[in-house]
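A.B. asks: Take a look at this one; I'll ask things after.
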Amino acid sequence: MALLKRANGEAAGQIIELKQERTVIGRSPEHCQIILDPNGVSRRHAEIYRSGADYFIADLNSRNQTRVNNVKLLPGNDHLLAPGDRINICDVEFLYYPKLPIESAARDADVVIVAEGDAADVPHLHTLDASRSSAMAAMVKPELKLKAIIEISRNLSTELRIDKVAPRILDSLMESFPQAERLFLILVDPDTKRLIRKAFRCRPGRRSSFSSTVPADEAQVSISRSIVNQVLVQKKGVLSQDASMDKNLPTSASIADLKIRSVMCVPLLTPDGQALGILQLDTSDRKQFGNDDLEVLTAVASQAAIAIQNAELHEKSLERERLDRDLKIAEQVQKRFLPQSVPEIPGYEFFAHYEPTYEVGGDYYDFVPLPGNRYAVAVGDVSGKGVAAALMMAKFSGDTRYCILTENSPGEAARELNSLLFAAGIDEKFITLSLSVLDVETRTLSLSSAGHPAILIRRASGRVEEVGEDIAGFPLGIIPGTEYQHTEVSLEPGDVAVVYSDGVTDGRNTREEIYHTKEHPRLSKRLRETTGGPDVVGRAILQDIREYTAGHAQVDDITLVCFGPVSRPAGR
């Protein structure tokens, strides 16, 4: 069967069997069978396919092209592969062979062992620098090495789930190492640094003469942490032909308790030198592992580390897809908590805009019809952003409607909302709130504020007023039992009230300068310069913010509500 051999880099010597009809090479774990990560590799870079007994390579319109024998391969001009052809994808080079090459020159080569001490003085323990495994493994019994690696490749080539990859690795090793009684694949959790056993195999009939303090079923899957820690720290494989007598192994009661006789333990090193975990094989019988076995296991570990890393990348990609789907659904659900349209009140015009920083956000606004031809206008801002703030907002939206409908004034409603927030027992979260009630007949606006930015009113004359700053209380959830005041202001035809969250004022330009401050009140300036009703004013403000913040990421959720009486009913 045809195969590729990696010719350069840390993974030099890696054998990849071309057992599928089509093998795609590229960055995407979802679409490719051979996954590469160097800069410049396209998601689907090239493809090797079989036609009868021949193999061809095709470039898949890659950005940086594919080279065969240093000649650019044009899309649509597929190349018939010949033995020894060199395939270059960016900085990665492969050699193509129609069948397994025999490296007879390396068959009788000396084995290079990197010892921690004088090998003559330490006959039982040898350590191997796993970062050199690809080059060194080609020097020892190539037929055995290649058989084991190809078997690993065959078992792993179509599997991208870590819980499936790990057992298959051990199943292949059981066939390659008949003297091994127990086989472990252990990974290091990248966050907690804990050791996690991902796969274990034990041959039937293994003697279970373990310490009486350790149950047999536990002892069967126990492992010497001291050996594992040494291998992970030094990133070198160890081989002991008699662990109980080996002075160069860490002193550990578990070695004696587990009756370990001969043991091999090697790190799972990625091409960039990251230790993902270990492979360990041991036996309690007189069967021993040799230097050649350590070489082969180290080479297999190098191949297995790549397979495990690819599986982890694939699982992260799937997890990200699931998260994206969940966030999309959460975004749709959150939008249902917000008004689906603005109020249509004769003689008035309304405008509303909501733009979260992420898929979901913590801002909130609502219009609530009240008895007596009145409308409540609420704009809130939960501390923080993202999912946690959105969940708070969802609860708060229902509480706000309840309090507005049951209390006599905006101040009383804010007081009751503060009590409900404390009763919920949610720590380290607070909410700013602007709550006002518009009397449609009298054109009077009664408003209260819980730590929210003051309402701006642009009068028909162009003058801009700040309303509510002097009566603003603490944000909800800061101090229990807080009383909130309210004030009233009249709105005349042509006046526009502007309620907003701090995502409007906190926008930044590329020089990290804030959009609206007391020293530079750009929002007030835009209001003075804009003539027209609430819809015109709202769109002008958003356009001004977009132009000011161009080139800088949005820093907070943006909510903007504008409303006011017009000289004639809206729509006429």
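As shown in the structure tokens, the chain order sets the letters A, B, ...; within each chain, residues go from 1, and ligands are also counted from 1 in the order they appear.
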Check segment 307-463 of chain A with DSSP on the backbone and list each residue it calls helix (DSSP H, G or I), as a ChimeraX atom specification.

C.D. replies: /A:307-337,386-406,410-424

A.B. asks: Could you jot down the atom CA of Ala352 of chain A to atom CA of Leu338 of chain A separation for me, Å, one decimal place?

C.D. replies: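 Spanning atom CA of Ala352 of chain A to atom CA of Leu338 of chain A is a straight-line distance of 10.3 Å.
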
A.B. asks: Using only C-alpha atoms, which protein or nucleic acid residues come within 7 Å of Pro410 of chain A? Drop anything in the same chain fewer than 5 positions from it, and give the result as a ChimeraX atom specification.

C.D. replies: /A:435-437,447-448,486

A.B. asks: Limited to C-alpha atoms, could you put the picked residues into a file as a PDB file, in the first residue's frame?

C.D. replies:
ATOM      1  CA  LEU A 435     -37.085  54.186  34.803  1.00  0.00           C
ATOM      2  CA  SER A 436     -39.523  56.844  33.588  1.00  0.00           C
ATOM      3  CA  VAL A 437     -43.286  57.118  33.077  1.00  0.00           C
ATOM      4  CA  LEU A 447     -38.362  59.589  36.073  1.00  0.00           C
ATOM      5  CA  SER A 448     -36.104  57.846  38.569  1.00  0.00           C
ATOM      6  CA  HIS A 486     -38.176  60.719  41.216  1.00  0.00           C
TER       7      HIS A 486
END

A.B. asks: Set the distance at 8 Å and use only C-alpha atoms: which residues neighbour Ser62 of chain A once local chain neighbours fewer than 5 positions away are removed? I'd like the list as a list of chain:residue names.

C.D. replies: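 Listed by chain and then number, they are A:Val41, A:Ser42, A:Arg44, A:His45, A:Ala46.
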
A.B. asks: What's the separation between atom CA of Asp171 of chain A and atom CA of Lys5 of chain A, in Å to one decimal place?

C.D. replies: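 Interatomic distance here is 23.4 Å.
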
A.B. asks: Given the choices A:Asp381, A:Glu441, A:Glu407, A:Asp324, which gets closest to Gly347 of chain A if the distance is worked out from only C-alpha atoms?

C.D. replies: A:Glu441

A.B. asks: With only C-alpha atoms as the atoms that count, which of A:Ala301, A:Leu185, A:Val263, A:Leu318 lies nearest to Ser28 of chain A?

C.D. replies: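 Selected residue with least distance to Ser28 of chain A: A:Leu318.
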
A.B. asks: Identify all residues of segment 232-405 of chain A in strand (DSSP E or B) (DSSP on the backbone) and supply them as a PyMOL selection string.

C.D. replies: chain A and resi 236-240+262-269+275-283+348-355+363-370+374-382

A.B. asks: Can you list, as a PDB file with N, CA and C atoms, in the first residue's frame, every protein, DNA or RNA residue that comes within 12 Å of Arg401 of chain A when you count only C-alpha atoms, leaving out same-chain residues fewer than 2 positions away?

C.D. replies:
ATOM      1  N   PHE A 337     -37.082  38.636  24.713  1.00  0.00           N
ATOM      2  CA  PHE A 337     -37.360  39.371  25.947  1.00  0.00           C
ATOM      3  C   PHE A 337     -37.483  40.874  25.694  1.00  0.00           C
ATOM      4  N   LEU A 338     -36.947  41.333  24.582  1.00  0.00           N
ATOM      5  CA  LEU A 338     -36.976  42.757  24.256  1.00  0.00           C
ATOM      6  C   LEU A 338     -38.211  43.068  23.414  1.00  0.00           C
ATOM      7  N   TYR A 364     -30.810  46.037  28.722  1.00  0.00           N
ATOM      8  CA  TYR A 364     -32.241  45.734  28.702  1.00  0.00           C
ATOM      9  C   TYR A 364     -33.013  47.020  28.463  1.00  0.00           C
ATOM     10  N   TYR A 365     -34.053  46.936  27.664  1.00  0.00           N
ATOM     11  CA  TYR A 365     -34.986  48.065  27.562  1.00  0.00           C
ATOM     12  C   TYR A 365     -36.387  47.522  27.359  1.00  0.00           C
ATOM     13  N   ASP A 366     -37.396  48.338  27.719  1.00  0.00           N
ATOM     14  CA  ASP A 366     -38.777  47.881  27.589  1.00  0.00           C
ATOM     15  C   ASP A 366     -39.704  49.085  27.567  1.00  0.00           C
ATOM     16  N   PHE A 367     -40.848  48.886  26.935  1.00  0.00           N
ATOM     17  CA  PHE A 367     -41.947  49.852  26.948  1.00  0.00           C
ATOM     18  C   PHE A 367     -43.155  49.142  27.546  1.00  0.00           C
ATOM     19  N   VAL A 368     -43.720  49.684  28.619  1.00  0.00           N
ATOM     20  CA  VAL A 368     -44.817  49.009  29.322  1.00  0.00           C
ATOM     21  C   VAL A 368     -46.036  49.930  29.349  1.00  0.00           C
ATOM     22  N   PRO A 369     -47.134  49.556  28.681  1.00  0.00           N
ATOM     23  CA  PRO A 369     -48.356  50.378  28.760  1.00  0.00           C
ATOM     24  C   PRO A 369     -48.959  50.309  30.156  1.00  0.00           C
ATOM     25  N   LEU A 370     -49.376  51.469  30.686  1.00  0.00           N
ATOM     26  CA  LEU A 370     -49.936  51.577  32.030  1.00  0.00           C
ATOM     27  C   LEU A 370     -51.327  52.184  31.958  1.00  0.00           C
ATOM     28  N   TYR A 375     -47.199  55.408  29.646  1.00  0.00           N
ATOM     29  CA  TYR A 375     -46.243  54.400  29.174  1.00  0.00           C
ATOM     30  C   TYR A 375     -44.973  54.483  30.024  1.00  0.00           C
ATOM     31  N   ALA A 376     -44.536  53.325  30.516  1.00  0.00           N
ATOM     32  CA  ALA A 376     -43.251  53.273  31.212  1.00  0.00           C
ATOM     33  C   ALA A 376     -42.141  52.989  30.200  1.00  0.00           C
ATOM     34  N   VAL A 377     -41.014  53.672  30.368  1.00  0.00           N
ATOM     35  CA  VAL A 377     -39.836  53.464  29.523  1.00  0.00           C
ATOM     36  C   VAL A 377     -38.687  53.063  30.448  1.00  0.00           C
ATOM     37  N   ALA A 378     -38.169  51.829  30.290  1.00  0.00           N
ATOM     38  CA  ALA A 378     -37.102  51.324  31.162  1.00  0.00           C
ATOM     39  C   ALA A 378     -35.877  50.989  30.335  1.00  0.00           C
ATOM     40  N   VAL A 379     -34.703  51.396  30.817  1.00  0.00           N
ATOM     41  CA  VAL A 379     -33.426  51.022  30.223  1.00  0.00           C
ATOM     42  C   VAL A 379     -32.512  50.584  31.359  1.00  0.00           C
ATOM     43  N   ALA A 394     -32.530  38.450  31.739  1.00  0.00           N
ATOM     44  CA  ALA A 394     -33.769  37.721  31.504  1.00  0.00           C
ATOM     45  C   ALA A 394     -34.664  37.724  32.738  1.00  0.00           C
ATOM     46  N   LYS A 395     -34.064  37.473  33.914  1.00  0.00           N
ATOM     47  CA  LYS A 395     -34.839  37.519  35.154  1.00  0.00           C
ATOM     48  C   LYS A 395     -35.299  38.937  35.456  1.00  0.00           C
ATOM     49  N   PHE A 396     -34.408  39.897  35.263  1.00  0.00           N
ATOM     50  CA  PHE A 396     -34.699  41.284  35.610  1.00  0.00           C
ATOM     51  C   PHE A 396     -35.835  41.850  34.758  1.00  0.00           C
ATOM     52  N   SER A 397     -35.931  41.433  33.498  1.00  0.00           N
ATOM     53  CA  SER A 397     -36.969  41.979  32.629  1.00  0.00           C
ATOM     54  C   SER A 397     -38.359  41.659  33.160  1.00  0.00           C
ATOM     55  N   GLY A 398     -38.554  40.433  33.647  1.00  0.00           N
ATOM     56  CA  GLY A 398     -39.844  40.074  34.222  1.00  0.00           C
ATOM     57  C   GLY A 398     -40.118  40.806  35.521  1.00  0.00           C
ATOM     58  N   ASP A 399     -39.109  40.907  36.395  1.00  0.00           N
ATOM     59  CA  ASP A 399     -39.287  41.626  37.654  1.00  0.00           C
ATOM     60  C   ASP A 399     -39.629  43.094  37.410  1.00  0.00           C
ATOM     61  N   CYS A 403     -42.920  45.135  38.798  1.00  0.00           N
ATOM     62  CA  CYS A 403     -42.831  46.276  39.717  1.00  0.00           C
ATOM     63  C   CYS A 403     -43.429  47.540  39.107  1.00  0.00           C
ATOM     64  N   ILE A 404     -43.216  47.744  37.812  1.00  0.00           N
ATOM     65  CA  ILE A 404     -43.786  48.932  37.164  1.00  0.00           C
ATOM     66  C   ILE A 404     -45.311  48.900  37.228  1.00  0.00           C
ATOM     67  N   LEU A 405     -45.886  47.717  37.057  1.00  0.00           N
ATOM     68  CA  LEU A 405     -47.342  47.598  37.030  1.00  0.00           C
ATOM     69  C   LEU A 405     -47.971  47.651  38.415  1.00  0.00           C
ATOM     70  N   THR A 406     -47.212  47.335  39.454  1.00  0.00           N
ATOM     71  CA  THR A 406     -47.783  47.240  40.805  1.00  0.00           C
ATOM     72  C   THR A 406     -47.439  48.417  41.702  1.00  0.00           C
ATOM     73  N   GLU A 407     -46.451  49.235  41.340  1.00  0.00           N
ATOM     74  CA  GLU A 407     -46.060  50.364  42.188  1.00  0.00           C
ATOM     75  C   GLU A 407     -46.592  51.676  41.608  1.00  0.00           C
ATOM     76  N   PRO A 410     -42.098  55.668  39.626  1.00  0.00           N
ATOM     77  CA  PRO A 410     -40.821  55.056  39.245  1.00  0.00           C
ATOM     78  C   PRO A 410     -39.904  54.821  40.432  1.00  0.00           C
ATOM     79  N   ALA A 413     -41.048  51.711  42.305  1.00  0.00           N
ATOM     80  CA  ALA A 413     -40.733  50.521  41.521  1.00  0.00           C
ATOM     81  C   ALA A 413     -39.252  50.171  41.633  1.00  0.00           C
ATOM     82  N   ALA A 414     -38.370  51.185  41.607  1.00  0.00           N
ATOM     83  CA  ALA A 414     -36.930  50.936  41.741  1.00  0.00           C
ATOM     84  C   ALA A 414     -36.610  50.373  43.119  1.00  0.00           C
ATOM     85  N   GLU A 416     -38.570  48.492  45.020  1.00  0.00           N
ATOM     86  CA  GLU A 416     -39.012  47.106  45.061  1.00  0.00           C
ATOM     87  C   GLU A 416     -38.086  46.206  44.236  1.00  0.00           C
ATOM     88  N   LEU A 417     -37.605  46.705  43.101  1.00  0.00           N
ATOM     89  CA  LEU A 417     -36.654  45.932  42.289  1.00  0.00           C
ATOM     90  C   LEU A 417     -35.365  45.674  43.055  1.00  0.00           C
ATOM     91  N   LEU A 435     -35.686  54.559  34.857  1.00  0.00           N
ATOM     92  CA  LEU A 435     -37.085  54.186  34.803  1.00  0.00           C
ATOM     93  C   LEU A 435     -37.923  55.458  34.774  1.00  0.00           C
TER      94      LEU A 435
END

A.B. asks: With distances taken over only C-alpha atoms, which residue among A:Gly277, A:Pro565, A:Gly551, A:Pro453 lies nearest Val504 of chain A?

C.D. replies: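 Among the listed residues, A:Pro453 lies closest to Val504 of chain A.
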
A.B. asks: Of the candidates A:His353, A:Lys235, A:Arg458, A:His452, which one gets nearest to Ile558 of chain A if we count only C-alpha atoms?

C.D. replies: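 That would be A:His353, the residue with the smallest distance to Ile558 of chain A.
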